[in-house]
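Okay, structure first, notes after.
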Amino acid sequence: MLLGALVFGVVWCLIALFLRSYPETMAGYNTMPKEKRARIDVEKIGRVVSRAMYAGVPFVLLSPLMPSYELYTLMLVWIPAGLVVAVAIYVNVCKKKFEK
């Protein structure tokens, strides 16, 4: 379980690093009309989502210490994914903060 959590944490960090470096790869950005793309600060959105992903890494690394399988899966998968979903909702609700 420790090796699996470590590998998952490293992959999660690599995805966050990739998203920070190439924020235009986020879902839906390339299919937007050019007028909308010009108004969105995609770098800022990439930084925010990347930070949320980095915030989930400690939960992933602490997951092998959990006494039950339910807590293990909660810490390994659901809390980090929930952070990303919460930030995605925040970005969609507070659209004015992410405009140029």
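Naming works like this for the structure tokens: A, B, ... for the chains as they're shown, residue 1 at the start of each chain, ligands 1 onward in shown order.
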What's around Lys95 of chain A at 12 Å? Count only C-alpha atoms, leave out sequence neighbours fewer than 6 positions away in its own chain, and write the answer as an mmCIF file with N, CA and C atoms, in the first residue's frame.
data_model
loop_
_atom_site.group_PDB
_atom_site.id
_atom_site.type_symbol
_atom_site.label_atom_id
_atom_site.label_comp_id
_atom_site.auth_asym_id
_atom_site.auth_seq_id
_atom_site.Cartn_x
_atom_site.Cartn_y
_atom_site.Cartn_z
ATOM 1 N N LYS A 36 -13.811 34.208 -26.401
ATOM 2 C CA LYS A 36 -13.839 33.825 -24.986
ATOM 3 C C LYS A 36 -12.442 33.526 -24.470
ATOM 4 N N ARG A 39 -10.514 36.499 -23.311
ATOM 5 C CA ARG A 39 -10.941 37.117 -22.049
ATOM 6 C C ARG A 39 -10.539 36.338 -20.810
ATOM 7 N N ILE A 40 -10.157 35.082 -20.957
ATOM 8 C CA ILE A 40 -9.866 34.221 -19.805
ATOM 9 C C ILE A 40 -8.375 34.221 -19.502
ATOM 10 N N ASP A 41 -8.041 34.350 -18.226
ATOM 11 C CA ASP A 41 -6.646 34.251 -17.784
ATOM 12 C C ASP A 41 -6.364 32.792 -17.444
ATOM 13 N N VAL A 42 -6.003 32.029 -18.465
ATOM 14 C CA VAL A 42 -5.844 30.592 -18.309
ATOM 15 C C VAL A 42 -4.649 30.258 -17.416
ATOM 16 N N LYS A 44 -3.773 31.864 -14.697
ATOM 17 C CA LYS A 44 -4.250 31.985 -13.317
ATOM 18 C C LYS A 44 -5.092 30.764 -12.929
ATOM 19 N N ILE A 45 -5.940 30.314 -13.818
ATOM 20 C CA ILE A 45 -6.753 29.134 -13.546
ATOM 21 C C ILE A 45 -5.851 27.903 -13.384
ATOM 22 N N VAL A 87 -12.422 23.181 -6.353
ATOM 23 C CA VAL A 87 -11.776 24.311 -7.027
ATOM 24 C C VAL A 87 -12.385 24.531 -8.406
ATOM 25 N N ALA A 88 -12.744 23.468 -9.105
ATOM 26 C CA ALA A 88 -13.396 23.624 -10.406
ATOM 27 C C ALA A 88 -14.736 24.334 -10.258
ATOM 28 N N ILE A 89 -15.478 24.006 -9.221
ATOM 29 C CA ILE A 89 -16.745 24.697 -8.958
ATOM 30 C C ILE A 89 -16.478 26.155 -8.615
#
TODO: Please provide the set of residues having any atom within 12 Å of segment 48-52 of chain A, restricted to only C-alpha atoms, with same-chain residues fewer than 4 positions apart removed, written as a PyMOL selection string.
DONE: chain A and resi 12-23+26+41-44+56-59+79-92+97-98
Okay, now the selection with N, CA and C atoms, as a compact mmCIF listing (two decimals), in the first residue's frame?
# COMPACT_ATOMS: atom_id res chain seq x y z
N TRP A 12 0.35 12.27 -9.32
CA TRP A 12 -0.53 13.41 -9.04
C TRP A 12 0.28 14.72 -9.10
N CYS A 13 1.49 14.71 -8.54
CA CYS A 13 2.36 15.90 -8.59
C CYS A 13 2.80 16.21 -10.01
N LEU A 14 3.10 15.18 -10.78
CA LEU A 14 3.50 15.40 -12.17
C LEU A 14 2.36 15.98 -13.00
N ILE A 15 1.15 15.52 -12.77
CA ILE A 15 0.00 16.08 -13.47
C ILE A 15 -0.19 17.54 -13.07
N ALA A 16 -0.04 17.85 -11.78
CA ALA A 16 -0.16 19.24 -11.33
C ALA A 16 0.92 20.12 -11.93
N LEU A 17 2.13 19.60 -12.01
CA LEU A 17 3.23 20.35 -12.62
C LEU A 17 2.98 20.58 -14.11
N PHE A 18 2.49 19.56 -14.80
CA PHE A 18 2.16 19.70 -16.21
C PHE A 18 1.05 20.72 -16.42
N LEU A 19 0.05 20.70 -15.55
CA LEU A 19 -1.06 21.64 -15.66
C LEU A 19 -0.60 23.06 -15.40
N ARG A 20 0.33 23.24 -14.49
CA ARG A 20 0.86 24.57 -14.22
C ARG A 20 1.68 25.07 -15.40
N SER A 21 2.43 24.18 -16.05
CA SER A 21 3.27 24.58 -17.18
C SER A 21 2.47 24.76 -18.47
N TYR A 22 1.47 23.95 -18.66
CA TYR A 22 0.66 23.99 -19.88
C TYR A 22 -0.83 24.09 -19.53
N PRO A 23 -1.28 25.23 -19.04
CA PRO A 23 -2.68 25.33 -18.61
C PRO A 23 -3.68 25.29 -19.76
N MET A 26 -6.21 22.25 -20.34
CA MET A 26 -7.40 21.96 -19.53
C MET A 26 -8.61 21.69 -20.43
N ASP A 41 -8.04 34.35 -18.23
CA ASP A 41 -6.65 34.25 -17.78
C ASP A 41 -6.36 32.79 -17.44
N VAL A 42 -6.00 32.03 -18.47
CA VAL A 42 -5.84 30.59 -18.31
C VAL A 42 -4.65 30.26 -17.42
N GLU A 43 -3.64 31.10 -17.38
CA GLU A 43 -2.49 30.86 -16.50
C GLU A 43 -2.91 30.91 -15.03
N LYS A 44 -3.77 31.86 -14.70
CA LYS A 44 -4.25 31.98 -13.32
C LYS A 44 -5.09 30.76 -12.93
N GLY A 56 -3.68 18.17 -2.19
CA GLY A 56 -4.14 16.80 -1.97
C GLY A 56 -3.04 15.79 -1.75
N VAL A 57 -1.80 16.15 -2.07
CA VAL A 57 -0.69 15.21 -1.96
C VAL A 57 -0.43 14.74 -0.52
N PRO A 58 -0.48 15.61 0.50
CA PRO A 58 -0.28 15.10 1.86
C PRO A 58 -1.30 14.03 2.26
N PHE A 59 -2.53 14.16 1.81
CA PHE A 59 -3.53 13.14 2.10
C PHE A 59 -3.15 11.81 1.45
N ILE A 79 -10.45 12.50 -1.15
CA ILE A 79 -10.15 13.85 -0.67
C ILE A 79 -9.38 14.65 -1.73
N PRO A 80 -8.31 14.11 -2.34
CA PRO A 80 -7.64 14.88 -3.40
C PRO A 80 -8.56 15.20 -4.58
N ALA A 81 -9.36 14.23 -5.01
CA ALA A 81 -10.28 14.48 -6.12
C ALA A 81 -11.35 15.49 -5.72
N GLY A 82 -11.80 15.42 -4.48
CA GLY A 82 -12.78 16.39 -3.99
C GLY A 82 -12.23 17.81 -3.96
N LEU A 83 -10.96 17.96 -3.63
CA LEU A 83 -10.35 19.29 -3.66
C LEU A 83 -10.34 19.86 -5.08
N VAL A 84 -10.02 19.03 -6.04
CA VAL A 84 -10.00 19.49 -7.43
C VAL A 84 -11.41 19.84 -7.90
N VAL A 85 -12.39 19.05 -7.54
CA VAL A 85 -13.77 19.33 -7.92
C VAL A 85 -14.25 20.63 -7.25
N ALA A 86 -13.89 20.82 -5.98
CA ALA A 86 -14.29 22.05 -5.28
C ALA A 86 -13.66 23.28 -5.93
N VAL A 87 -12.42 23.18 -6.35
CA VAL A 87 -11.78 24.31 -7.03
C VAL A 87 -12.39 24.53 -8.41
N ALA A 88 -12.74 23.47 -9.11
CA ALA A 88 -13.40 23.62 -10.41
C ALA A 88 -14.74 24.33 -10.26
N ILE A 89 -15.48 24.01 -9.22
CA ILE A 89 -16.74 24.70 -8.96
C ILE A 89 -16.48 26.16 -8.62
N TYR A 90 -15.46 26.42 -7.81
CA TYR A 90 -15.09 27.79 -7.44
C TYR A 90 -14.73 28.61 -8.68
N VAL A 91 -13.96 28.03 -9.58
CA VAL A 91 -13.56 28.74 -10.80
C VAL A 91 -14.78 29.05 -11.65
N ASN A 92 -15.72 28.12 -11.73
CA ASN A 92 -16.92 28.36 -12.53
C ASN A 92 -17.87 29.36 -11.89
N LYS A 97 -13.15 36.69 -11.37
CA LYS A 97 -11.79 36.71 -10.85
C LYS A 97 -10.76 36.17 -11.83
N PHE A 98 -11.21 35.42 -12.81
CA PHE A 98 -10.29 34.78 -13.74
C PHE A 98 -10.38 35.36 -15.14
Open item on the list: With only C-alpha atoms as the counted atoms, please give the residues lying no more than 9 Å from Ala5 of chain A, apart from itself and same-chain residues fewer than 6 positions off, as an MDAnalysis selection string.
Closed with: chainID A and resid 60:64 76
Filtering to C-alpha atoms, could you give me those residues as a CSV table (one decimal), in the first residue's frame?
chain,number,residue,atom,x,y,z
A,60,VAL,CA,-2.2,10.7,-0.5
A,61,LEU,CA,1.1,10.2,1.4
A,62,LEU,CA,-0.6,9.8,4.7
A,63,SER,CA,-3.2,7.3,3.4
A,64,PRO,CA,-1.1,4.1,4.2
A,76,LEU,CA,-5.9,8.2,-1.2
Open item on the list: Among chain A, which residues does DSSP mark as helix (DSSP H, G or I) when it is run on the backbone? Keep the chain and numbering as in the structure and answer as a PyMOL selection string.
Closed with: chain A and resi 2-21+23-25+34-39+42-65+69-93+95-98
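The spacing separating atom CA of Cys94 of chain A from atom CA of Met75 of chain A amounts to 27.6 Å.
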- [ ] Could you please determine the separation between atom CA of Tyr54 of chain A and atom CA of Phe8 of chain A in Å, to one decimal place?
- [x] 12.3 Å
Open item on the list: I'd like to know which of A:Met53, A:Leu74, A:Met66, A:Val93 is closest to Gly9 of chain A, using only C-alpha atoms.
Closed with: A:Met53
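Rounded to one decimal, atom CA of Leu2 of chain A and atom CA of Ser68 of chain A lie 14.0 Å from each other.
Of the listed residues (A:Glu24, A:Leu71, A:Trp78, A:Met1), A:Glu24 comes nearest to Arg47 of chain A; the distances count only C-alpha atoms.
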